[in-house]
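Note: the block below is start37.cif and it holds mmCIF, C-alpha atoms (C1' of nucleotides).
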```
data_run
#
loop_
_atom_site.label_atom_id
_atom_site.label_comp_id
_atom_site.auth_asym_id
_atom_site.auth_seq_id
_atom_site.Cartn_x
_atom_site.Cartn_y
_atom_site.Cartn_z
CA MET I 14 61.43 -50.45 11.44
CA ARG I 15 58.46 -48.35 12.48
CA ILE I 16 55.51 -47.23 10.47
CA GLY I 17 56.97 -43.95 9.27
CA GLU I 18 60.03 -45.60 7.82
CA LEU I 19 57.99 -48.34 6.22
CA ALA I 20 55.73 -45.75 4.64
CA ARG I 21 58.70 -43.90 3.23
CA LYS I 22 60.35 -47.00 1.90
CA ALA I 23 57.14 -48.23 0.32
CA GLY I 24 56.27 -44.85 -1.09
CA THR I 25 53.01 -44.46 0.71
CA SER I 26 51.58 -42.92 3.86
CA THR I 27 51.24 -44.13 7.40
CA ARG I 28 47.55 -43.65 7.03
CA SER I 29 47.45 -46.16 4.22
CA LEU I 30 49.48 -48.69 6.16
CA ARG I 31 47.11 -48.50 9.10
CA TYR I 32 44.26 -48.84 6.67
CA TYR I 33 45.76 -52.01 5.22
CA GLU I 34 46.22 -53.36 8.72
CA GLU I 35 42.65 -52.44 9.56
CA HIS I 36 41.61 -54.63 6.66
CA GLY I 37 43.78 -57.53 7.66
CA LEU I 38 46.30 -57.18 4.87
CA LEU I 39 49.17 -56.13 7.06
CA SER I 40 50.04 -57.08 10.59
CA ALA I 41 52.59 -55.62 12.94
CA ARG I 42 54.42 -56.65 16.03
CA ARG I 43 54.27 -54.07 18.74
CA SER I 44 57.27 -52.78 20.57
CA ALA I 45 57.17 -52.11 24.31
CA ASN I 46 55.79 -48.64 23.85
CA GLY I 47 53.01 -49.82 21.57
CA HIS I 48 54.58 -48.71 18.34
CA ARG I 49 54.16 -50.93 15.29
CA GLU I 50 57.27 -52.79 14.29
CA TYR I 51 57.92 -54.06 10.77
CA ASP I 52 60.58 -56.03 8.95
CA GLU I 53 61.71 -56.55 5.38
CA ALA I 54 59.01 -59.10 4.68
CA ASP I 55 56.41 -56.48 5.52
CA LEU I 56 58.07 -54.08 3.16
CA ARG I 57 57.85 -56.59 0.33
CA LEU I 58 54.25 -57.17 1.21
CA VAL I 59 53.37 -53.50 1.13
CA ARG I 60 55.19 -53.12 -2.16
CA GLU I 61 53.13 -55.95 -3.55
CA ILE I 62 49.96 -54.23 -2.43
CA ARG I 63 51.02 -50.86 -3.78
CA GLY I 64 52.00 -52.30 -7.10
CA LEU I 65 48.69 -53.99 -7.54
CA LEU I 66 46.75 -50.94 -6.40
CA THR I 67 48.47 -48.68 -8.88
CA ILE I 68 47.74 -51.20 -11.62
CA GLY I 69 44.09 -50.83 -10.83
CA PHE I 70 43.39 -53.64 -8.42
CA ALA I 71 41.00 -53.08 -5.59
CA LEU I 72 42.50 -53.47 -2.18
CA GLU I 73 40.40 -56.55 -1.57
CA GLU I 74 41.81 -58.13 -4.69
CA THR I 75 45.32 -57.91 -3.36
CA ARG I 76 44.46 -60.24 -0.51
CA PRO I 77 45.32 -63.49 -2.30
CA PHE I 78 48.69 -62.09 -3.22
CA VAL I 79 49.34 -61.02 0.31
CA GLU I 80 48.37 -64.38 1.70
CA CYS I 81 50.49 -66.08 -0.90
CA LEU I 82 53.52 -64.10 0.17
CA ARG I 83 52.71 -64.76 3.80
CA SER I 84 52.54 -68.46 3.23
CA GLY I 85 56.16 -68.35 2.28
CA HIS I 86 56.08 -68.06 -1.45
CA GLU I 87 58.68 -66.13 -3.28
CA SER I 88 56.24 -64.01 -5.18
CA GLY I 89 52.64 -63.10 -4.50
CA ASP I 90 51.38 -64.48 -7.76
CA ALA I 91 52.71 -67.98 -7.20
CA CYS I 92 49.37 -69.24 -5.88
CA PRO I 93 46.27 -70.32 -7.79
CA ALA I 94 44.09 -67.81 -6.00
CA SER I 95 46.33 -65.00 -7.15
CA VAL I 96 46.41 -66.31 -10.68
CA GLU I 97 42.67 -66.49 -10.59
CA VAL I 98 42.50 -62.83 -9.64
CA TYR I 99 44.91 -62.07 -12.43
CA ARG I 100 42.62 -63.81 -14.86
CA ARG I 101 39.55 -62.02 -13.63
CA LYS I 102 41.33 -58.73 -13.78
CA LEU I 103 42.61 -59.37 -17.25
CA ALA I 104 39.09 -60.11 -18.39
CA GLU I 105 37.86 -56.93 -16.74
CA VAL I 106 40.58 -54.84 -18.29
CA GLU I 107 40.00 -56.30 -21.71
CA ASP I 108 36.32 -55.68 -21.44
CA TYR I 109 36.97 -52.15 -20.34
CA LEU I 110 39.36 -51.68 -23.20
CA THR I 111 36.71 -52.78 -25.62
CA ARG I 112 34.15 -50.40 -24.26
CA LEU I 113 36.60 -47.55 -24.09
CA THR I 114 37.50 -48.16 -27.69
CA VAL I 115 33.88 -47.86 -28.63
CA VAL I 116 33.69 -44.59 -26.77
CA ARG I 117 36.84 -43.35 -28.43
CA ASP I 118 35.52 -44.15 -31.88
CA HIS I 119 32.28 -42.46 -31.02
CA LEU I 120 34.08 -39.36 -29.86
CA ARG I 121 36.22 -39.31 -32.95
CA ALA I 122 33.18 -39.62 -35.13
CA GLN I 123 31.44 -36.78 -33.34
CA LEU I 124 34.51 -34.63 -33.64
CA SER I 125 34.98 -35.19 -37.31
CA LYS I 126 31.31 -34.50 -37.79
CA THR I 127 31.37 -31.23 -35.92
CA ASP I 128 34.64 -30.31 -37.56
CA ASP I 129 32.77 -30.29 -40.83
CA GLN I 130 30.17 -27.84 -39.59
CA GLU I 131 32.57 -25.92 -37.47
CA GLU I 132 32.17 -22.73 -39.39
CA SER I 133 28.49 -22.65 -38.51
CA CYS I 134 29.29 -21.61 -35.00
CA THR I 135 32.76 -20.13 -34.79
CA ALA I 136 31.94 -16.85 -36.35
CA LEU I 137 31.59 -14.12 -33.79
CA GLN I 138 31.38 -15.89 -30.47
CA LEU I 139 33.03 -13.91 -27.79
CA TYR I 140 31.41 -13.93 -24.45
CA PRO I 141 27.80 -13.93 -23.39
CA ASP I 142 26.49 -17.11 -24.94
CA PRO I 143 28.12 -20.47 -25.40
CA CYS I 144 26.84 -20.44 -28.92
CA ARG I 145 24.41 -17.94 -30.30
CA VAL I 146 22.79 -19.34 -33.37
CA PRO I 147 23.81 -17.43 -36.49
CA GLU I 148 21.04 -19.04 -38.49
CA PRO I 149 17.81 -17.06 -38.38
CA SER I 150 15.85 -20.25 -38.96
CA SER I 151 15.14 -23.32 -36.84
CA PRO I 152 12.70 -21.90 -34.34
CA SER I 153 10.85 -25.18 -33.79
CA PRO I 154 12.60 -27.87 -31.86
CA THR I 155 10.29 -30.70 -32.85
CA THR I 156 11.96 -31.36 -36.18
CA SER I 157 15.10 -33.08 -35.16
CA SER I 158 16.76 -36.41 -35.07
CA PRO I 159 15.23 -38.52 -32.36
CA THR I 160 16.92 -40.37 -29.59
CA PRO I 161 20.66 -40.69 -30.09
CA SER I 162 20.72 -43.49 -27.54
CA MET V 165 4.65 -33.85 -18.29
CA ARG V 166 5.64 -34.30 -14.68
CA ILE V 167 8.83 -35.62 -13.23
CA GLY V 168 7.82 -39.26 -13.03
CA GLU V 169 6.90 -39.43 -16.66
CA LEU V 170 10.05 -37.62 -17.72
CA ALA V 171 12.12 -40.03 -15.70
CA ARG V 172 10.45 -43.00 -17.31
CA LYS V 173 10.81 -41.62 -20.80
CA ALA V 174 14.44 -40.75 -20.25
CA GLY V 175 15.23 -44.02 -18.58
CA THR V 176 16.35 -42.55 -15.31
CA SER V 177 15.02 -41.72 -11.87
CA THR V 178 13.25 -38.73 -10.41
CA ARG V 179 16.10 -38.43 -7.98
CA SER V 180 18.52 -37.95 -10.84
CA LEU V 181 16.37 -35.32 -12.47
CA ARG V 182 16.16 -33.33 -9.25
CA TYR V 183 19.89 -33.73 -8.95
CA TYR V 184 20.43 -32.30 -12.41
CA GLU V 185 18.15 -29.42 -11.56
CA GLU V 186 20.01 -28.86 -8.31
CA HIS V 187 23.14 -28.45 -10.42
CA GLY V 188 21.56 -26.08 -12.88
CA LEU V 189 21.42 -28.48 -15.79
CA LEU V 190 17.69 -28.81 -15.87
CA SER V 191 14.99 -26.35 -15.05
CA ALA V 192 11.30 -26.82 -14.64
CA ARG V 193 8.21 -24.75 -14.75
CA ARG V 194 5.96 -25.30 -11.80
CA SER V 195 2.30 -26.02 -12.05
CA ALA V 196 -0.14 -24.45 -9.62
CA ASN V 197 0.34 -27.19 -7.06
CA GLY V 198 4.09 -26.85 -7.11
CA HIS V 199 4.82 -29.89 -9.22
CA ARG V 200 7.57 -29.67 -11.80
CA GLU V 201 6.36 -29.45 -15.38
CA TYR V 202 8.44 -30.50 -18.36
CA ASP V 203 8.12 -30.55 -22.13
CA GLU V 204 9.71 -32.35 -25.05
CA ALA V 205 12.72 -30.06 -25.08
CA ASP V 206 13.47 -31.07 -21.53
CA LEU V 207 13.26 -34.69 -22.54
CA ARG V 208 15.80 -34.15 -25.27
CA LEU V 209 18.00 -32.37 -22.82
CA VAL V 210 17.87 -35.16 -20.30
CA ARG V 211 18.58 -37.68 -23.00
CA GLU V 212 21.62 -35.68 -23.99
CA ILE V 213 22.82 -35.70 -20.42
CA ARG V 214 22.16 -39.41 -19.97
CA GLY V 215 23.90 -40.28 -23.19
CA LEU V 216 27.00 -38.38 -22.21
CA LEU V 217 27.01 -39.77 -18.70
CA THR V 218 26.85 -43.34 -19.89
CA ILE V 219 29.69 -42.62 -22.27
CA GLY V 220 31.77 -41.64 -19.31
CA PHE V 221 31.36 -37.89 -19.11
CA ALA V 222 31.15 -36.24 -15.76
CA LEU V 223 27.94 -34.41 -15.09
CA GLU V 224 29.77 -31.11 -15.12
CA GLU V 225 31.10 -31.86 -18.56
CA THR V 226 27.62 -32.14 -19.97
CA ARG V 227 26.91 -28.52 -19.16
CA PRO V 228 28.18 -27.07 -22.46
CA PHE V 229 26.00 -29.51 -24.35
CA VAL V 230 23.01 -28.61 -22.28
CA GLU V 231 23.56 -24.91 -22.76
CA CYS V 232 24.07 -25.49 -26.45
CA LEU V 233 20.74 -27.21 -26.71
CA ARG V 234 19.12 -24.51 -24.62
CA SER V 235 20.40 -21.78 -26.87
CA GLY V 236 18.35 -23.29 -29.66
CA HIS V 237 20.76 -25.57 -31.42
CA GLU V 238 19.63 -28.75 -33.01
CA SER V 239 22.20 -30.86 -31.29
CA GLY V 240 24.18 -30.34 -28.13
CA ASP V 241 27.52 -30.69 -29.81
CA ALA V 242 26.99 -27.90 -32.28
CA CYS V 243 28.82 -25.40 -30.12
CA PRO V 244 32.54 -24.77 -29.73
CA ALA V 245 32.43 -25.34 -25.99
CA SER V 246 30.93 -28.75 -26.51
CA VAL V 247 33.45 -29.63 -29.16
CA GLU V 248 36.17 -28.56 -26.82
CA VAL V 249 34.85 -30.95 -24.20
CA TYR V 250 34.76 -33.66 -26.82
CA ARG V 251 38.38 -33.00 -27.60
CA ARG V 252 39.41 -33.09 -23.98
CA LYS V 253 37.46 -36.25 -23.42
CA LEU V 254 38.91 -37.91 -26.43
CA ALA V 255 42.39 -37.12 -25.18
CA GLU V 256 41.51 -38.49 -21.77
CA VAL V 257 40.07 -41.65 -23.21
CA GLU V 258 43.02 -42.20 -25.46
CA ASP V 259 45.40 -41.70 -22.60
CA TYR V 260 43.42 -44.10 -20.50
CA LEU V 261 43.41 -46.59 -23.31
CA THR V 262 47.16 -46.41 -23.51
CA ARG V 263 47.60 -47.02 -19.83
CA LEU V 264 45.05 -49.78 -19.77
CA THR V 265 46.85 -51.46 -22.59
CA VAL V 266 50.03 -51.40 -20.58
CA VAL V 267 48.20 -52.97 -17.68
CA ARG V 268 46.69 -55.59 -19.93
CA ASP V 269 50.06 -56.53 -21.35
CA HIS V 270 51.47 -56.67 -17.88
CA LEU V 271 48.68 -58.96 -16.73
CA ARG V 272 49.11 -61.19 -19.73
CA ALA V 273 52.82 -61.43 -19.09
CA GLN V 274 52.28 -62.32 -15.46
CA LEU V 275 49.73 -64.93 -16.40
CA SER V 276 51.90 -66.64 -18.93
CA LYS V 277 54.75 -66.53 -16.46
CA THR V 278 52.78 -68.11 -13.61
CA ASP V 279 51.25 -70.61 -15.97
CA ASP V 280 54.74 -71.91 -16.59
CA GLN V 281 55.57 -72.44 -12.95
CA GLU V 282 52.11 -73.43 -11.89
CA GLU V 283 53.29 -76.76 -10.52
CA SER V 284 55.50 -74.99 -8.03
CA CYS V 285 52.51 -74.43 -5.82
CA THR V 286 50.23 -77.35 -6.43
CA ALA V 287 52.09 -79.79 -4.29
CA LEU V 288 50.87 -80.33 -0.76
CA GLN V 289 48.72 -77.37 0.20
CA LEU V 290 45.38 -78.46 1.55
CA TYR V 291 43.48 -76.05 3.66
CA PRO V 292 45.02 -73.33 5.81
CA ASP V 293 46.81 -72.01 2.81
CA PRO V 294 45.44 -69.88 0.01
CA CYS V 295 47.53 -72.09 -2.20
CA ARG V 296 45.20 -75.05 -2.33
CA VAL V 297 45.00 -77.24 -5.39
CA PRO V 298 41.55 -78.32 -6.50
CA GLU V 299 42.55 -80.75 -9.21
CA PRO V 300 45.53 -82.92 -9.95
CA SER V 301 44.92 -82.13 -13.60
CA SER V 302 44.32 -78.79 -15.39
CA PRO V 303 47.35 -78.98 -17.59
CA SER V 304 46.06 -76.65 -20.30
CA PRO V 305 48.11 -73.50 -19.90
CA THR V 306 47.63 -70.69 -22.37
CA THR V 307 45.12 -72.42 -24.56
CA SER V 308 41.81 -70.94 -23.58
CA SER V 309 40.88 -68.92 -20.55
CA PRO V 310 37.47 -70.02 -19.30
CA THR V 311 37.06 -67.07 -16.90
CA PRO V 312 34.36 -68.67 -14.76
CA SER V 313 33.23 -65.43 -13.18
"C1'" DG J 78 -14.32 -39.25 3.50
"C1'" DC J 79 -10.73 -42.38 2.55
"C1'" DT J 80 -7.17 -44.74 0.10
"C1'" DG J 81 -3.30 -44.74 -2.63
"C1'" DG J 82 -0.09 -43.01 -5.81
"C1'" DA J 83 2.69 -39.23 -7.38
"C1'" DC J 84 4.65 -35.27 -5.90
"C1'" DT J 85 7.38 -31.96 -2.62
"C1'" DT J 86 11.81 -30.71 0.24
"C1'" DG J 87 15.48 -32.24 3.23
"C1'" DA J 88 18.87 -35.00 4.59
"C1'" DC J 89 21.67 -38.98 5.36
"C1'" DG J 90 24.02 -43.31 3.20
"C1'" DT J 91 26.98 -45.43 -0.34
"C1'" DC J 92 31.67 -46.89 -2.22
"C1'" DG J 93 37.39 -46.81 -1.65
"C1'" DG J 94 41.38 -45.16 -0.50
"C1'" DT J 95 43.07 -42.06 1.55
"C1'" DG J 96 43.86 -36.75 3.83
"C1'" DT J 97 43.60 -34.52 7.87
"C1'" DC J 98 42.61 -33.07 12.36
"C1'" DA J 99 42.37 -33.93 17.47
"C1'" DA J 100 44.40 -35.15 21.67
"C1'" DG J 101 47.44 -37.58 23.81
"C1'" DG J 102 51.88 -40.87 24.90
"C1'" DC J 103 56.73 -41.50 24.51
"C1'" DA J 104 61.63 -40.58 23.45
"C1'" DT J 105 65.53 -38.10 22.14
"C1'" DA J 106 68.11 -33.71 22.16
"C1'" DC J 107 69.27 -29.51 24.19
"C1'" DG G 215 62.45 -28.84 31.89
"C1'" DT G 216 61.08 -28.36 27.37
"C1'" DA G 217 61.04 -28.46 22.53
"C1'" DT G 218 60.62 -31.50 18.79
"C1'" DG G 219 59.09 -35.27 16.39
"C1'" DC G 220 57.30 -39.75 15.84
"C1'" DC G 221 53.94 -42.61 17.42
"C1'" DT G 222 48.98 -43.97 19.09
"C1'" DT G 223 43.61 -44.29 18.35
"C1'" DG G 224 39.46 -42.22 16.72
"C1'" DA G 225 36.83 -39.96 13.75
"C1'" DC G 226 35.27 -36.75 10.17
"C1'" DA G 227 35.95 -35.08 5.08
"C1'" DC G 228 36.25 -36.04 0.33
"C1'" DC G 229 34.71 -37.15 -4.53
"C1'" DG G 230 30.07 -38.18 -7.77
"C1'" DA G 231 25.91 -39.65 -8.93
"C1'" DC G 232 22.76 -40.96 -7.15
"C1'" DG G 233 19.51 -44.46 -3.52
"C1'" DT G 234 16.54 -44.20 0.02
"C1'" DC G 235 13.97 -42.79 3.86
"C1'" DA G 236 10.98 -39.31 6.23
"C1'" DA G 237 7.18 -36.38 6.60
"C1'" DG G 238 4.19 -33.80 4.43
"C1'" DT G 239 1.11 -32.11 0.11
"C1'" DC G 240 -1.90 -32.87 -3.83
"C1'" DC G 241 -5.18 -35.18 -6.58
"C1'" DA G 242 -8.12 -38.86 -8.74
"C1'" DG G 243 -11.15 -42.67 -7.90
"C1'" DC G 244 -14.56 -45.06 -5.13
#
```
Please re-express this file's structure in structure tokens.
Amino acid sequence: MRIGELARKAGTSTRSLRYYEEHGLLSARRSANGHREYDEADLRLVREIRGLLTIGFALEETRPFVECLRSGHESGDACPASVEVYRRKLAEVEDYLTRLTVVRDHLRAQLSKTDDQEESCTALQLYPDPCRVPEPSSPSPTTSSPTPS
Amino acid sequence: MRIGELARKAGTSTRSLRYYEEHGLLSARRSANGHREYDEADLRLVREIRGLLTIGFALEETRPFVECLRSGHESGDACPASVEVYRRKLAEVEDYLTRLTVVRDHLRAQLSKTDDQEESCTALQLYPDPCRVPEPSSPSPTTSSPTPS
DNA sequence: GCTGGACTTGACGTCGGTGTCAAGGCATAC
DNA sequence: GTATGCCTTGACACCGACGTCAAGTCCAGC
């Protein structure tokens, strides 16, 4: 099959396929007229790449999987190098999860805090200012809580 | 204070400060020689921006907080617009957390799966193959992941 | 006066995975 | 012949928050 069909079957674009080839992840025979020619193995390979990309892998990280498939293995994750990438990625994701959880808790805390004082600002706001201060006081900015970092 | 000092105190770079100014988030008086001149309020403002950025906010999303501070409020999240951004961000983060969790579970599943069949690849591969085996041992499967990165 | 550091504006580079345009070759259908 | 559509390579655009370089200005110290 040619590049357009492969792109359709793999749910991506011809641009992406050429990009993968450009980076050595995909290779194509050429027919007499110079058009790229692919087979079912290439389709599986592209699907492997796409799957990993949508999971959050970088293109470069899909390389071990691709080479694993190329070397004749049934699945791209049947090789130690792929498993190693899996491990690294799992660690990354778990770390990210941890940090995101911290952020989430922080956001929740801020929200519940501001929910408490919500009435201080939601009185008459209509247009000109994001939040005109209803309190006549607090003209000096120096008396505040220091760095929230 | 001038831009270098502000950058140091806020833990960022002069380039970033000029960038914020370029995007209307920061403004500076100019001294006679044309240098930017800042005060403590600007420092607080930059710290607000930096804090939000490191949490994962986009620069544009810090604008309501900045304007809230500018309009005289004690804290940048004292205004409805800021709270609204908090809400949106919390939703985003929670959604991201959900998806990341799916990915994590997927990765874990793949890892435990490939751990089971690990010997299917560790047979004869030596060099030209990504599937090379470093050690005849390494029998510990799901016990502890060393993650040597 | 001279050196050096901090400042100014302007502009290009970065990273990743594409989108998109340009200009042309080739093939099938009418 | 020509219209249509897929293919080719090449190259620029994009997003965001800056890094970094260039060339010039300003000021304090010696």
- Taking all atoms listed in the file into account, report as a PyMOL selection string which residues of chain I lie within 9 Å of chain J. chain I and resi 26+28-29+32+46+71-72
### Task
For the structure shown, which residues end up in the PyMOL selection byres ((chain G) within 8 of (chain V))? Put them as an NGL selection string, please?
:G and (231-232 or 240)
- Carefully work through the PyMOL selection byres ((chain I and resi 100-110) around 12) for this structure and note down the residues it includes, as a ChimeraX atom specification. /I:65,68-71,74-75,90,93-99,111-117 /V:220,257-276,278-279,306,308-313
Taking C-alpha atoms for each residue, export the selection above as a short mmCIF file (atom, residue, chain, number, x, y, z; two decimals), in the coordinates of the input.
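Written file, out-v2.cif:
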```
data_model
loop_
_atom_site.label_atom_id
_atom_site.label_comp_id
_atom_site.auth_asym_id
_atom_site.auth_seq_id
_atom_site.Cartn_x
_atom_site.Cartn_y
_atom_site.Cartn_z
CA LEU I 65 48.69 -53.99 -7.54
CA ILE I 68 47.74 -51.20 -11.62
CA GLY I 69 44.09 -50.83 -10.83
CA PHE I 70 43.39 -53.64 -8.42
CA ALA I 71 41.00 -53.08 -5.59
CA GLU I 74 41.81 -58.13 -4.69
CA THR I 75 45.32 -57.91 -3.36
CA ASP I 90 51.38 -64.48 -7.76
CA PRO I 93 46.27 -70.32 -7.79
CA ALA I 94 44.09 -67.81 -6.00
CA SER I 95 46.33 -65.00 -7.15
CA VAL I 96 46.41 -66.31 -10.68
CA GLU I 97 42.67 -66.49 -10.59
CA VAL I 98 42.50 -62.83 -9.64
CA TYR I 99 44.91 -62.07 -12.43
CA THR I 111 36.71 -52.78 -25.62
CA ARG I 112 34.15 -50.40 -24.26
CA LEU I 113 36.60 -47.55 -24.09
CA THR I 114 37.50 -48.16 -27.69
CA VAL I 115 33.88 -47.86 -28.63
CA VAL I 116 33.69 -44.59 -26.77
CA ARG I 117 36.84 -43.35 -28.43
CA GLY V 220 31.77 -41.64 -19.31
CA VAL V 257 40.07 -41.65 -23.21
CA GLU V 258 43.02 -42.20 -25.46
CA ASP V 259 45.40 -41.70 -22.60
CA TYR V 260 43.42 -44.10 -20.50
CA LEU V 261 43.41 -46.59 -23.31
CA THR V 262 47.16 -46.41 -23.51
CA ARG V 263 47.60 -47.02 -19.83
CA LEU V 264 45.05 -49.78 -19.77
CA THR V 265 46.85 -51.46 -22.59
CA VAL V 266 50.03 -51.40 -20.58
CA VAL V 267 48.20 -52.97 -17.68
CA ARG V 268 46.69 -55.59 -19.93
CA ASP V 269 50.06 -56.53 -21.35
CA HIS V 270 51.47 -56.67 -17.88
CA LEU V 271 48.68 -58.96 -16.73
CA ARG V 272 49.11 -61.19 -19.73
CA ALA V 273 52.82 -61.43 -19.09
CA GLN V 274 52.28 -62.32 -15.46
CA LEU V 275 49.73 -64.93 -16.40
CA SER V 276 51.90 -66.64 -18.93
CA THR V 278 52.78 -68.11 -13.61
CA ASP V 279 51.25 -70.61 -15.97
CA THR V 306 47.63 -70.69 -22.37
CA SER V 308 41.81 -70.94 -23.58
CA SER V 309 40.88 -68.92 -20.55
CA PRO V 310 37.47 -70.02 -19.30
CA THR V 311 37.06 -67.07 -16.90
CA PRO V 312 34.36 -68.67 -14.76
CA SER V 313 33.23 -65.43 -13.18
#
```
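C1' of DC235 in chain G is found 19.3 Å from CA of Thr176 in chain V.
Distance-wise, CA of Leu233 in chain V and CA of Glu185 in chain V end up 15.5 Å apart.
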Computed gap from CA of Gly17 in chain I to C1' of DT218 in chain G is 16.1 Å
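Comparing V:Lys173, V:Arg200, V:Arg166, V:Arg182 by their smallest distance to chain I, the closest is V:Lys173 (using all atoms listed in the file).
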Edge lengths and centre, in Å to one decimal, as AutoDock Vina command-line options: that's what I need for the box along x, y and z that holds all listed atoms of range 222-236 of chain G plus 8 Å on each side.
```
--center_x 30.0 --center_y -39.8 --center_z 5.1 --size_x 54.0 --size_y 25.4 --size_z 44.0
```
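The smallest atom-to-atom distance between chain V and any of I:Leu38, I:Cys81, I:Ile16, I:Val59, using all atoms listed in the file, is found for I:Cys81.
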